[in-house]
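Dumped start_32.tsv below, it's TSV, C-alpha atoms:
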chain	number	residue	atom	x	y	z
G	1	MET	CA	84.83	106.68	143.68
G	2	GLU	CA	87.42	104.49	141.98
G	3	ASN	CA	84.89	103.44	139.31
G	4	PHE	CA	84.05	107.10	138.72
G	5	ASP	CA	87.74	107.96	138.20
G	6	ASN	CA	88.18	105.05	135.79
G	7	GLN	CA	85.16	106.22	133.82
G	8	ASN	CA	86.62	109.75	133.59
G	9	LYS	CA	89.94	108.36	132.40
G	10	GLN	CA	88.18	106.30	129.72
G	11	GLU	CA	86.23	109.36	128.56
G	12	GLU	CA	89.41	111.46	128.41
G	13	GLN	CA	91.15	108.70	126.44
G	14	PHE	CA	88.21	108.49	124.03
G	15	GLN	CA	88.12	112.28	123.58
G	16	SER	CA	91.85	112.40	122.86
G	17	ARG	CA	91.53	110.02	119.92
G	18	ILE	CA	91.89	111.44	116.41
G	19	ASP	CA	88.74	113.01	114.96
G	20	MET	CA	88.29	111.52	111.48
G	21	ILE	CA	84.75	112.80	110.86
G	22	GLU	CA	85.65	115.80	108.70
G	23	LEU	CA	88.23	113.84	106.70
G	24	ARG	CA	85.81	111.04	105.86
G	25	ALA	CA	82.99	113.47	105.03
G	26	SER	CA	85.23	115.41	102.64
G	27	LEU	CA	86.43	112.26	100.87
G	28	ASP	CA	82.84	111.04	100.55
G	29	LYS	CA	82.07	114.34	98.80
G	30	VAL	CA	84.99	113.73	96.43
G	31	LYS	CA	83.65	110.26	95.61
G	32	SER	CA	80.18	111.72	94.98
G	33	GLU	CA	81.58	114.32	92.58
G	34	ILE	CA	83.58	111.73	90.62
G	35	ALA	CA	80.54	109.41	90.54
G	36	LYS	CA	78.68	112.06	88.53
G	37	VAL	CA	80.81	111.02	85.57
G	38	ILE	CA	82.55	107.71	86.36
G	39	VAL	CA	80.58	104.48	86.70
G	40	GLY	CA	82.27	101.72	88.68
G	41	GLN	CA	86.08	101.73	89.09
G	42	GLU	CA	85.62	102.00	92.88
G	43	ASN	CA	88.96	100.25	93.44
G	44	MET	CA	90.87	102.82	91.36
G	45	ILE	CA	89.13	105.75	93.07
G	46	GLU	CA	89.74	104.31	96.55
G	47	HIS	CA	93.44	103.82	95.83
G	48	LEU	CA	93.78	107.31	94.34
G	49	LEU	CA	92.25	108.80	97.49
G	50	ALA	CA	94.54	106.67	99.66
G	51	ALA	CA	97.52	107.94	97.66
G	52	LEU	CA	96.34	111.52	98.19
G	53	LEU	CA	96.22	110.99	101.94
G	54	SER	CA	99.61	109.23	101.87
G	55	ASN	CA	101.19	111.98	99.74
G	56	GLY	CA	102.40	109.25	97.37
G	57	HIS	CA	102.52	108.87	93.58
G	58	VAL	CA	100.40	106.45	91.56
G	59	LEU	CA	100.92	104.39	88.41
G	60	ILE	CA	97.68	103.33	86.72
G	61	GLU	CA	97.86	100.48	84.22
G	62	GLY	CA	94.99	99.45	81.98
G	63	VAL	CA	93.89	99.08	78.39
G	64	PRO	CA	92.70	102.21	76.53
G	65	GLY	CA	89.18	103.40	77.27
G	66	VAL	CA	88.74	102.29	80.90
G	67	ALA	CA	88.65	105.86	82.28
G	68	LYS	CA	92.23	106.06	83.62
G	69	THR	CA	92.91	109.60	82.45
G	70	ILE	CA	89.44	111.04	83.00
G	71	THR	CA	89.30	109.71	86.58
G	72	ALA	CA	92.63	111.35	87.42
G	73	LYS	CA	91.45	114.63	85.84
G	74	LEU	CA	88.18	114.53	87.78
G	75	LEU	CA	90.00	113.86	91.05
G	76	ALA	CA	92.26	116.84	90.41
G	77	LYS	CA	89.22	119.02	89.76
G	78	THR	CA	87.64	118.16	93.13
G	79	ILE	CA	90.68	119.66	94.89
G	80	ASP	CA	91.49	123.37	94.73
G	81	VAL	CA	95.08	122.91	93.57
G	82	GLY	CA	97.10	123.46	90.43
G	83	PHE	CA	96.75	120.83	87.71
G	84	SER	CA	99.10	119.99	84.86
G	85	ARG	CA	98.89	117.28	82.21
G	86	ILE	CA	101.93	116.02	80.31
G	87	GLN	CA	101.53	113.72	77.32
G	88	PHE	CA	104.66	111.58	77.06
G	89	THR	CA	105.90	110.95	73.51
G	90	PRO	CA	109.13	109.45	72.10
G	91	ASP	CA	110.47	112.93	71.21
G	92	LEU	CA	109.75	114.51	74.61
G	93	MET	CA	112.87	115.99	76.22
G	94	PRO	CA	113.63	116.46	79.95
G	95	SER	CA	113.49	120.25	79.49
G	96	ASP	CA	109.93	119.89	78.19
G	97	ILE	CA	109.00	118.61	81.65
G	98	LEU	CA	111.29	120.43	84.07
G	99	GLY	CA	111.79	123.72	82.24
G	100	THR	CA	114.79	125.45	80.72
G	101	SER	CA	116.99	128.53	81.11
G	102	VAL	CA	116.24	131.26	78.59
G	103	PHE	CA	118.39	134.32	77.94
G	104	SER	CA	116.57	137.53	78.78
G	105	VAL	CA	117.58	140.49	76.63
G	106	LYS	CA	115.92	142.84	79.11
G	107	ASN	CA	117.99	141.66	82.10
G	108	SER	CA	121.02	140.44	80.09
G	109	GLU	CA	121.02	137.17	82.02
G	110	PHE	CA	119.53	133.69	81.88
G	111	GLU	CA	116.14	133.16	83.49
G	112	PHE	CA	114.66	129.79	84.40
G	113	LYS	CA	111.29	129.16	82.77
G	114	LYS	CA	109.48	126.53	84.81
G	115	GLY	CA	108.04	123.49	83.02
G	116	PRO	CA	104.66	121.80	83.55
G	117	ILE	CA	106.02	119.71	86.43
G	118	PHE	CA	105.71	122.82	88.61
G	119	SER	CA	102.17	122.23	89.75
G	120	ASN	CA	100.37	120.31	92.51
G	121	PHE	CA	98.60	117.50	90.66
G	122	ILE	CA	100.56	116.15	87.69
G	123	LEU	CA	98.92	113.76	85.24
G	124	ILE	CA	101.44	111.97	83.01
G	125	ASP	CA	99.69	110.17	80.19
G	126	GLU	CA	101.42	107.07	78.78
G	127	ILE	CA	104.59	107.42	80.81
G	128	ASN	CA	106.19	104.46	79.01
G	129	ARG	CA	106.08	106.31	75.65
G	130	SER	CA	109.21	108.34	76.41
G	131	PRO	CA	112.81	107.07	76.45
G	132	ALA	CA	114.90	106.53	79.58
G	133	LYS	CA	116.48	109.99	79.55
G	134	THR	CA	113.11	111.69	79.83
G	135	GLN	CA	111.80	109.21	82.39
G	136	ALA	CA	114.94	109.79	84.48
G	137	ALA	CA	114.06	113.49	84.69
G	138	LEU	CA	111.28	112.47	87.09
G	139	PHE	CA	113.54	110.63	89.56
G	140	GLU	CA	114.54	113.59	91.72
G	141	VAL	CA	111.23	115.41	91.59
G	142	MET	CA	109.20	112.32	92.54
G	143	GLU	CA	111.43	111.19	95.40
G	144	GLU	CA	112.70	114.47	96.86
G	145	ARG	CA	109.98	116.81	95.54
G	146	GLN	CA	112.56	119.18	94.14
G	147	ILE	CA	114.58	119.72	90.99
G	148	THR	CA	118.11	121.04	90.60
G	149	MET	CA	118.71	123.22	87.57
G	150	ASP	CA	121.96	125.13	86.87
G	151	GLY	CA	123.05	124.49	90.46
G	152	ILE	CA	119.86	126.01	91.91
G	153	ARG	CA	117.38	123.92	93.86
G	154	TYR	CA	113.67	124.47	93.26
G	155	ILE	CA	111.30	123.05	95.87
G	156	MET	CA	107.91	121.78	94.67
G	157	GLU	CA	104.85	123.31	96.26
G	158	GLU	CA	102.84	120.96	98.49
G	159	PRO	CA	100.66	119.04	97.96
G	160	PHE	CA	102.52	117.37	95.09
G	161	LEU	CA	101.17	114.21	93.45
G	162	VAL	CA	102.16	112.46	90.22
G	163	VAL	CA	99.59	110.18	88.61
G	164	ALA	CA	100.95	108.31	85.58
G	165	THR	CA	99.13	106.00	83.18
G	166	GLN	CA	100.40	103.27	80.90
G	167	ASN	CA	98.97	100.71	78.50
G	168	PRO	CA	100.02	97.09	79.26
G	169	ILE	CA	99.01	95.67	75.89
G	170	GLU	CA	100.69	97.78	73.22
G	171	HIS	CA	104.48	97.50	73.40
G	172	GLU	CA	105.48	98.99	70.04
G	173	GLY	CA	107.15	102.37	70.58
G	174	THR	CA	107.20	102.01	74.38
G	175	TYR	CA	110.03	101.98	76.89
G	176	ARG	CA	109.76	99.79	79.98
G	177	LEU	CA	110.02	101.70	83.25
G	178	PRO	CA	113.13	100.68	85.23
G	179	GLU	CA	112.66	99.15	88.69
G	180	ALA	CA	114.21	102.22	90.35
G	181	GLN	CA	111.50	104.43	88.89
G	182	LEU	CA	108.69	101.97	89.59
G	183	ASP	CA	109.80	102.01	93.21
G	184	ARG	CA	109.03	105.75	93.36
G	185	PHE	CA	105.33	105.02	92.93
G	186	LEU	CA	103.43	104.28	96.13
G	187	PHE	CA	100.78	102.30	94.23
G	188	LYS	CA	100.40	100.49	90.97
G	189	ILE	CA	96.69	100.20	90.19
G	190	ASN	CA	95.49	97.67	87.63
G	191	VAL	CA	92.27	98.79	85.97
G	192	GLY	CA	90.01	96.21	84.33
G	193	TYR	CA	86.86	96.29	82.24
G	194	PRO	CA	83.45	97.15	83.79
G	195	ASN	CA	80.86	94.42	84.30
G	196	LEU	CA	77.55	94.19	82.39
G	197	GLU	CA	75.55	96.43	84.74
G	198	GLN	CA	78.28	99.07	84.77
G	199	GLU	CA	78.59	98.94	80.98
G	200	ILE	CA	74.84	99.55	80.64
G	201	SER	CA	75.07	102.51	83.06
G	202	ILE	CA	77.96	103.99	81.06
G	203	ILE	CA	75.93	103.78	77.84
G	204	LYS	CA	72.83	105.29	79.51
G	205	ASN	CA	74.83	108.16	81.02
G	206	GLN	CA	76.37	108.98	77.66
G	207	HIS	CA	72.94	108.87	75.97
G	208	GLU	CA	71.32	111.14	78.56
G	209	SER	CA	74.21	113.58	78.94
G	210	LYS	CA	73.72	116.99	77.34
G	211	LYS	CA	77.18	118.36	78.11
G	212	GLU	CA	80.15	118.08	75.78
G	213	ASP	CA	82.65	118.51	78.61
G	214	LYS	CA	81.83	115.98	81.31
G	215	THR	CA	84.20	117.60	83.81
G	216	GLU	CA	81.95	120.68	84.02
G	217	VAL	CA	79.58	118.91	86.41
G	218	VAL	CA	82.37	118.23	88.94
G	219	ASN	CA	82.91	120.82	91.69
G	220	ARG	CA	85.84	121.59	93.94
G	221	VAL	CA	85.17	120.28	97.45
G	222	ILE	CA	88.59	120.27	99.17
G	223	THR	CA	91.13	123.08	99.49
G	224	ALA	CA	94.89	122.57	99.36
G	225	GLU	CA	95.14	123.49	103.03
G	226	GLN	CA	92.52	120.92	103.99
G	227	LEU	CA	94.34	118.22	102.04
G	228	LYS	CA	97.63	119.03	103.78
G	229	ASN	CA	95.87	118.88	107.15
G	230	TYR	CA	94.38	115.49	106.27
G	231	GLN	CA	97.82	114.20	105.24
G	232	HIS	CA	99.24	115.25	108.62
G	233	LEU	CA	96.26	113.68	110.38
G	234	VAL	CA	96.84	110.32	108.66
G	235	LYS	CA	100.41	110.23	109.99
G	236	GLU	CA	98.99	110.21	113.53
G	237	ILE	CA	96.89	107.09	112.98
G	238	ILE	CA	97.64	104.34	115.52
G	239	VAL	CA	99.52	101.21	114.43
G	240	GLU	CA	100.04	98.48	117.03
G	241	SER	CA	103.46	96.81	117.30
G	242	GLN	CA	102.12	93.41	116.23
G	243	LEU	CA	100.82	95.00	113.00
G	244	MET	CA	104.23	96.49	112.30
G	245	GLU	CA	105.64	92.98	112.72
G	246	TYR	CA	102.93	91.71	110.35
G	247	ILE	CA	104.06	94.22	107.70
G	248	ALA	CA	107.69	93.16	108.16
G	249	LYS	CA	106.77	89.47	107.77
G	250	ILE	CA	104.97	90.19	104.48
G	251	ILE	CA	107.99	92.02	103.08
G	252	ILE	CA	110.48	89.38	104.28
G	253	ASN	CA	108.34	86.66	102.68
G	254	THR	CA	108.62	88.37	99.29
G	255	ARG	CA	112.42	88.14	99.57
G	256	GLU	CA	112.36	84.47	100.53
G	257	ASN	CA	109.62	83.37	98.10
G	258	GLN	CA	110.85	80.77	95.59
G	259	PHE	CA	108.56	82.10	92.87
G	260	LEU	CA	109.99	85.64	93.00
G	261	TYR	CA	113.25	86.66	91.35
G	262	LEU	CA	113.25	89.99	93.23
G	263	GLY	CA	111.58	90.75	96.55
G	264	ALA	CA	110.45	94.05	98.06
G	265	SER	CA	112.85	96.58	99.59
G	266	PRO	CA	112.56	98.40	102.96
G	267	ARG	CA	110.96	101.27	101.02
G	268	ALA	CA	108.06	98.88	100.39
G	269	SER	CA	107.71	98.33	104.17
G	270	LEU	CA	107.38	102.07	104.72
G	271	ALA	CA	104.98	102.38	101.79
G	272	LEU	CA	102.79	99.58	103.17
G	273	LEU	CA	102.72	101.23	106.59
G	274	THR	CA	101.74	104.61	105.12
G	275	ALA	CA	99.13	103.14	102.78
G	276	SER	CA	97.55	101.10	105.58
G	277	LYS	CA	97.06	104.28	107.60
G	278	ALA	CA	95.39	105.91	104.58
G	279	PHE	CA	92.97	103.01	104.12
G	280	ALA	CA	92.11	103.18	107.83
G	281	ALA	CA	91.35	106.89	107.42
G	282	LEU	CA	89.14	106.16	104.41
G	283	ARG	CA	87.11	103.84	106.65
G	284	GLY	CA	86.81	106.56	109.30
G	285	ARG	CA	89.11	104.79	111.78
G	286	ASP	CA	92.06	106.20	113.70
G	287	PHE	CA	93.75	102.81	113.96
G	288	VAL	CA	95.05	100.27	111.44
G	289	THR	CA	93.67	96.73	111.17
G	290	PRO	CA	95.15	93.66	109.40
G	291	GLU	CA	92.48	94.13	106.69
G	292	ASP	CA	93.89	97.59	105.89
G	293	ILE	CA	97.34	96.08	105.44
G	294	LYS	CA	96.04	93.24	103.24
G	295	GLU	CA	94.03	95.68	101.10
G	296	ALA	CA	97.07	97.90	100.56
G	297	SER	CA	99.51	95.02	99.91
G	298	TYR	CA	98.60	94.32	96.28
G	299	ALA	CA	98.94	97.91	95.02
G	300	VAL	CA	102.07	98.52	97.09
G	301	LEU	CA	103.91	95.32	96.14
G	302	ARG	CA	102.85	94.25	92.62
G	303	HIS	CA	105.31	96.63	90.90
G	304	ARG	CA	108.08	96.11	93.45
G	305	VAL	CA	108.50	92.35	93.02
G	306	ILE	CA	109.60	90.41	89.94
G	307	VAL	CA	108.21	86.97	89.17
G	308	SER	CA	110.89	84.42	88.25
G	309	PRO	CA	111.02	83.86	84.45
G	310	GLU	CA	110.00	80.18	84.59
G	311	ARG	CA	106.95	80.97	86.77
G	312	GLU	CA	106.02	83.90	84.58
G	313	MET	CA	106.04	81.59	81.55
G	314	GLU	CA	103.60	79.35	83.43
G	315	GLY	CA	101.23	82.33	83.76
G	316	LEU	CA	101.82	83.05	87.45
G	317	THR	CA	101.30	86.74	88.28
G	318	ALA	CA	102.66	88.95	91.05
G	319	ASP	CA	99.14	89.36	92.47
G	320	GLU	CA	98.71	85.60	92.82
G	321	ILE	CA	102.03	85.27	94.64
G	322	ILE	CA	101.16	88.17	96.96
G	323	ARG	CA	97.82	86.47	97.72
G	324	GLN	CA	99.66	83.22	98.58
G	325	ILE	CA	102.04	85.13	100.86
G	326	LEU	CA	99.17	86.85	102.69
G	327	GLU	CA	97.35	83.55	103.14
G	328	GLY	CA	100.48	81.90	104.53
G	329	ILE	CA	101.10	84.47	107.30
G	330	GLU	CA	99.11	84.29	110.53
G	331	ILE	CA	96.96	87.38	111.01
G	332	PRO	CA	97.69	89.13	114.33
G	333	ARG	CA	94.77	89.46	116.74
Could you rewrite the structure in this file as structure tokens?
Amino acid sequence: MENFDNQNKQEEQFQSRIDMIELRASLDKVKSEIAKVIVGQENMIEHLLAALLSNGHVLIEGVPGVAKTITAKLLAKTIDVGFSRIQFTPDLMPSDILGTSVFSVKNSEFEFKKGPIFSNFILIDEINRSPAKTQAALFEVMEERQITMDGIRYIMEEPFLVVATQNPIEHEGTYRLPEAQLDRFLFKINVGYPNLEQEISIIKNQHESKKEDKTEVVNRVITAEQLKNYQHLVKEIIVESQLMEYIAKIIINTRENQFLYLGASPRASLALLTASKAFAALRGRDFVTPEDIKEASYAVLRHRVIVSPEREMEGLTADEIIRQILEGIEIPR
């Protein structure tokens, strides 16, 4: 009788665990839709999906022509939400992003005309092309998901995601993003060149394609309501106490590392926790593993730490230091 009761308790416990089947199936559909156009770049797509689930913003860095912008556009198209693209230029003003008050002759009063930031999925192309004043216009909206204009607060409609791109090679006419703004991004994704097989597939796809607009073949597969439900579901994913300690050790090590001039802040700890849950959800699990944390660490930390000048001159990168930190911390079992 006791064995029977224990079995019932185990079944009840199993049934009460989070059901991740629908979430994983929907995200697999998103990947399939994007794969109709994009060859390779699995790492970028995985991190973009993790950011969606985490409700966090993304900075994508890569040379021109590696599908940064088109991938973000395709992802937006697979979700039934509003989409807005803003091309940052040196003459772009904050009002061009947020909106401005316009005098209405009909009502004899000023009316606020909303800017392109009032959407769900915002693609900012070449974010480092605009000066600090324009970049600063994004601070409040990215962190608090609201803007304050003429003393009135406007709340952004959920889901709200900013995906920004920048070119790491060309520095003429660019403005470096300050650390405070970089910290607003959940991830920084580095995008590299495709390998030989992927390059051949890209050429073949272009040769065989009959459509001028490649985005036409991509269909919407997730509604805004579904995405919001998935985001709430991810928050419920189980994280054991020893894994929370593991995250804390990683962050503390960035502050004590001799090769880093600036370590990660507590915001990075929270970002790593959230991102780890998202990666677990992508794998169809309702619990976080050390591998999820390690996978999320690079994208979460590489833009939040600063390599000391002498080490940077030697060619040491943030990713290499993060790898050394991860290898030096005992993985909890």
Report the closest atom pair, with its distance in Å rounded to one decimal, for each residue of segment 125-233 of chain G that has an atom no farther than 12 Å from segment 293-296 of chain G; count all atoms listed in the file, sort by chain and then rising residue number, and write it as CSV.
residue,atom,partner,partner_atom,distance
G:Leu186,CA,G:Ala296,CA,10.0
G:Phe187,CA,G:Ala296,CA,8.6
G:Lys188,CA,G:Ala296,CA,10.5
G:Ile189,CA,G:Ala296,CA,10.6
Using all atoms listed in the file, find each residue in segment 44-156 of chain G having at least one atom no more than 12 Å away from segment 160-164 of chain G; report its shortest atom-to-atom pair and that distance in Å (one decimal), rows by chain then rising number, as JSON lines.
{"residue": "G:Met44", "atom": "CA", "partner": "G:Val163", "partner_atom": "CA", "distance": 11.7}
{"residue": "G:His47", "atom": "CA", "partner": "G:Val163", "partner_atom": "CA", "distance": 11.4}
{"residue": "G:Leu48", "atom": "CA", "partner": "G:Val163", "partner_atom": "CA", "distance": 8.7}
{"residue": "G:Leu49", "atom": "CA", "partner": "G:Leu161", "partner_atom": "CA", "distance": 11.2}
{"residue": "G:Ala50", "atom": "CA", "partner": "G:Leu161", "partner_atom": "CA", "distance": 11.8}
{"residue": "G:Ala51", "atom": "CA", "partner": "G:Leu161", "partner_atom": "CA", "distance": 8.4}
{"residue": "G:Leu52", "atom": "CA", "partner": "G:Leu161", "partner_atom": "CA", "distance": 7.3}
{"residue": "G:Leu53", "atom": "CA", "partner": "G:Leu161", "partner_atom": "CA", "distance": 10.3}
{"residue": "G:Ser54", "atom": "CA", "partner": "G:Leu161", "partner_atom": "CA", "distance": 9.9}
{"residue": "G:Asn55", "atom": "CA", "partner": "G:Leu161", "partner_atom": "CA", "distance": 6.7}
{"residue": "G:Gly56", "atom": "CA", "partner": "G:Leu161", "partner_atom": "CA", "distance": 6.4}
{"residue": "G:His57", "atom": "CA", "partner": "G:Val162", "partner_atom": "CA", "distance": 4.9}
{"residue": "G:Val58", "atom": "CA", "partner": "G:Val163", "partner_atom": "CA", "distance": 4.8}
{"residue": "G:Leu59", "atom": "CA", "partner": "G:Ala164", "partner_atom": "CA", "distance": 4.8}
{"residue": "G:Ile60", "atom": "CA", "partner": "G:Ala164", "partner_atom": "CA", "distance": 6.1}
{"residue": "G:Glu61", "atom": "CA", "partner": "G:Ala164", "partner_atom": "CA", "distance": 8.5}
{"residue": "G:Gly62", "atom": "CA", "partner": "G:Ala164", "partner_atom": "CA", "distance": 11.3}
{"residue": "G:Lys68", "atom": "CA", "partner": "G:Ala164", "partner_atom": "CA", "distance": 9.2}
{"residue": "G:Thr69", "atom": "CA", "partner": "G:Ala164", "partner_atom": "CA", "distance": 8.7}
{"residue": "G:Ile70", "atom": "CA", "partner": "G:Val163", "partner_atom": "CA", "distance": 11.6}
{"residue": "G:Thr71", "atom": "CA", "partner": "G:Val163", "partner_atom": "CA", "distance": 10.5}
{"residue": "G:Ala72", "atom": "CA", "partner": "G:Val163", "partner_atom": "CA", "distance": 7.2}
{"residue": "G:Lys73", "atom": "CA", "partner": "G:Val163", "partner_atom": "CA", "distance": 9.7}
{"residue": "G:Leu75", "atom": "CA", "partner": "G:Val163", "partner_atom": "CA", "distance": 10.6}
{"residue": "G:Ala76", "atom": "CA", "partner": "G:Leu161", "partner_atom": "CA", "distance": 9.8}
{"residue": "G:Ile79", "atom": "CA", "partner": "G:Leu161", "partner_atom": "CA", "distance": 11.9}
{"residue": "G:Val81", "atom": "CA", "partner": "G:Phe160", "partner_atom": "CA", "distance": 9.4}
{"residue": "G:Gly82", "atom": "CA", "partner": "G:Phe160", "partner_atom": "CA", "distance": 9.4}
{"residue": "G:Phe83", "atom": "CA", "partner": "G:Leu161", "partner_atom": "CA", "distance": 9.8}
{"residue": "G:Ser84", "atom": "CA", "partner": "G:Val162", "partner_atom": "CA", "distance": 9.7}
{"residue": "G:Arg85", "atom": "CA", "partner": "G:Val163", "partner_atom": "CA", "distance": 9.6}
{"residue": "G:Ile86", "atom": "CA", "partner": "G:Ala164", "partner_atom": "CA", "distance": 9.4}
{"residue": "G:Gln87", "atom": "CA", "partner": "G:Ala164", "partner_atom": "CA", "distance": 9.9}
{"residue": "G:Phe88", "atom": "CA", "partner": "G:Ala164", "partner_atom": "CA", "distance": 9.9}
{"residue": "G:Pro116", "atom": "CA", "partner": "G:Val162", "partner_atom": "CA", "distance": 11.7}
{"residue": "G:Ile117", "atom": "CA", "partner": "G:Val162", "partner_atom": "CA", "distance": 9.0}
{"residue": "G:Phe118", "atom": "CA", "partner": "G:Phe160", "partner_atom": "CA", "distance": 9.0}
{"residue": "G:Ser119", "atom": "CA", "partner": "G:Phe160", "partner_atom": "CA", "distance": 7.2}
{"residue": "G:Asn120", "atom": "CA", "partner": "G:Phe160", "partner_atom": "CA", "distance": 4.5}
{"residue": "G:Phe121", "atom": "CA", "partner": "G:Leu161", "partner_atom": "CA", "distance": 5.0}
{"residue": "G:Ile122", "atom": "CA", "partner": "G:Val162", "partner_atom": "CA", "distance": 4.8}
{"residue": "G:Leu123", "atom": "CA", "partner": "G:Val163", "partner_atom": "CA", "distance": 5.0}
{"residue": "G:Ile124", "atom": "CA", "partner": "G:Ala164", "partner_atom": "CA", "distance": 4.5}
{"residue": "G:Asp125", "atom": "CA", "partner": "G:Ala164", "partner_atom": "CA", "distance": 5.8}
{"residue": "G:Glu126", "atom": "CA", "partner": "G:Ala164", "partner_atom": "CA", "distance": 6.9}
{"residue": "G:Ile127", "atom": "CA", "partner": "G:Ala164", "partner_atom": "CA", "distance": 6.1}
{"residue": "G:Asn128", "atom": "CA", "partner": "G:Ala164", "partner_atom": "CA", "distance": 9.2}
{"residue": "G:Arg129", "atom": "CA", "partner": "G:Ala164", "partner_atom": "CA", "distance": 11.4}
{"residue": "G:Gln135", "atom": "CA", "partner": "G:Ala164", "partner_atom": "CA", "distance": 11.3}
{"residue": "G:Leu138", "atom": "CA", "partner": "G:Val162", "partner_atom": "CA", "distance": 9.6}
{"residue": "G:Phe139", "atom": "CA", "partner": "G:Val162", "partner_atom": "CA", "distance": 11.5}
{"residue": "G:Val141", "atom": "CA", "partner": "G:Phe160", "partner_atom": "CA", "distance": 9.6}
{"residue": "G:Met142", "atom": "CA", "partner": "G:Val162", "partner_atom": "CA", "distance": 7.4}
{"residue": "G:Glu143", "atom": "CA", "partner": "G:Val162", "partner_atom": "CA", "distance": 10.7}
{"residue": "G:Glu144", "atom": "CA", "partner": "G:Phe160", "partner_atom": "CA", "distance": 10.7}
{"residue": "G:Arg145", "atom": "CA", "partner": "G:Phe160", "partner_atom": "CA", "distance": 7.5}
{"residue": "G:Gln146", "atom": "CA", "partner": "G:Phe160", "partner_atom": "CA", "distance": 10.2}
{"residue": "G:Ile155", "atom": "CA", "partner": "G:Phe160", "partner_atom": "CA", "distance": 10.5}
{"residue": "G:Met156", "atom": "CA", "partner": "G:Phe160", "partner_atom": "CA", "distance": 7.0}
Axis-aligned box for all listed atoms of segment 128-135 of chain G, 5 Å per side, centre and edges in Å to one decimal, as AutoDock Vina command-line options:
--center_x 111.3 --center_y 108.1 --center_z 79.0 --size_x 20.4 --size_y 17.2 --size_z 16.7
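Minimum atom-to-atom distances from G:Tyr230, G:Tyr298, G:Tyr175, G:Phe110 to Arg24 of chain G were compared using all atoms listed in the file, and the lowest value belongs to G:Tyr230.
Each of G:Ala318, G:Met313, G:Ile237, G:Ile203 was compared to Ser276 of chain G using only C-alpha atoms, and G:Ile237 turns out to be the nearest.
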Between segment 178-285 of chain G and segment 326-332 of chain G, at 7 Å or less, what are the per-residue closest atom pairs and their distances in Å? Count only C-alpha atoms, order by chain and rising residue number, and return it as CSV.
residue,atom,partner,partner_atom,distance
G:Gln242,CA,G:Pro332,CA,6.4
G:Leu243,CA,G:Pro332,CA,6.8
G:Ile250,CA,G:Leu326,CA,6.9
| field | From G:Glu111, G:Asp28, G:Asp319, G:Glu22, residue lying nearest Thr254 of chain G [only C-alpha atoms] | value | G:Asp319
| task | Identify, on the basis of only C-alpha atoms, every residue whose closest approach to Ile252 of chain G does not exceed 10 Å; exclude the query and any residue fewer than 5 positions from it along the same chain; express the result as a PyMOL selection string. | result | chain G and resi 246-247+257+263-266+269
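Going from atom CA of Gln206 of chain G over to atom CA of Thr78 of chain G, you cover 21.2 Å.
Note that the spacing between atom CA of Leu177 of chain G and atom CA of Ser130 of chain G amounts to 9.6 Å.
In this comparison, which uses only C-alpha atoms, the residue of G:Met149, G:Tyr261, G:Gly192, G:Asn219 approaching Ala67 of chain G most closely is G:Gly192.
If you look at atom CA of Ile97 of chain G and atom CA of Glu225 of chain G, they are 25.9 Å away from each other.
Nearest to Arg304 of chain G of all the residues G:Ser101, G:Ser32, G:Thr89, G:Gln181 is G:Gln181, counting all atoms listed in the file.
Nearest residue to Leu27 of chain G among G:Gln226, G:Ser201, G:Asn190, G:Thr274 is G:Gln226, counting all atoms listed in the file.
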Leaving out Arg285 of chain G and any residue of its chain fewer than 3 positions from it, which residues lie within 12 Å of it when counting all atoms listed in the file, given as a PDB file with C-alpha atoms, in the coordinates of the input?
ATOM      1  CA  ARG G  17      91.530 110.020 119.920  1.00  0.00           C
ATOM      2  CA  ILE G  18      91.890 111.440 116.410  1.00  0.00           C
ATOM      3  CA  ASP G  19      88.740 113.010 114.960  1.00  0.00           C
ATOM      4  CA  MET G  20      88.290 111.520 111.480  1.00  0.00           C
ATOM      5  CA  ILE G  21      84.750 112.800 110.860  1.00  0.00           C
ATOM      6  CA  GLU G  22      85.650 115.800 108.700  1.00  0.00           C
ATOM      7  CA  LEU G  23      88.230 113.840 106.700  1.00  0.00           C
ATOM      8  CA  ARG G  24      85.810 111.040 105.860  1.00  0.00           C
ATOM      9  CA  LEU G 233      96.260 113.680 110.380  1.00  0.00           C
ATOM     10  CA  VAL G 234      96.840 110.320 108.660  1.00  0.00           C
ATOM     11  CA  GLU G 236      98.990 110.210 113.530  1.00  0.00           C
ATOM     12  CA  ILE G 237      96.890 107.090 112.980  1.00  0.00           C
ATOM     13  CA  ILE G 238      97.640 104.340 115.520  1.00  0.00           C
ATOM     14  CA  VAL G 239      99.520 101.210 114.430  1.00  0.00           C
ATOM     15  CA  SER G 276      97.550 101.100 105.580  1.00  0.00           C
ATOM     16  CA  LYS G 277      97.060 104.280 107.600  1.00  0.00           C
ATOM     17  CA  ALA G 278      95.390 105.910 104.580  1.00  0.00           C
ATOM     18  CA  PHE G 279      92.970 103.010 104.120  1.00  0.00           C
ATOM     19  CA  ALA G 280      92.110 103.180 107.830  1.00  0.00           C
ATOM     20  CA  ALA G 281      91.350 106.890 107.420  1.00  0.00           C
ATOM     21  CA  LEU G 282      89.140 106.160 104.410  1.00  0.00           C
ATOM     22  CA  VAL G 288      95.050 100.270 111.440  1.00  0.00           C
ATOM     23  CA  THR G 289      93.670  96.730 111.170  1.00  0.00           C
ATOM     24  CA  ASP G 292      93.890  97.590 105.890  1.00  0.00           C
TER      25      ASP G 292
END
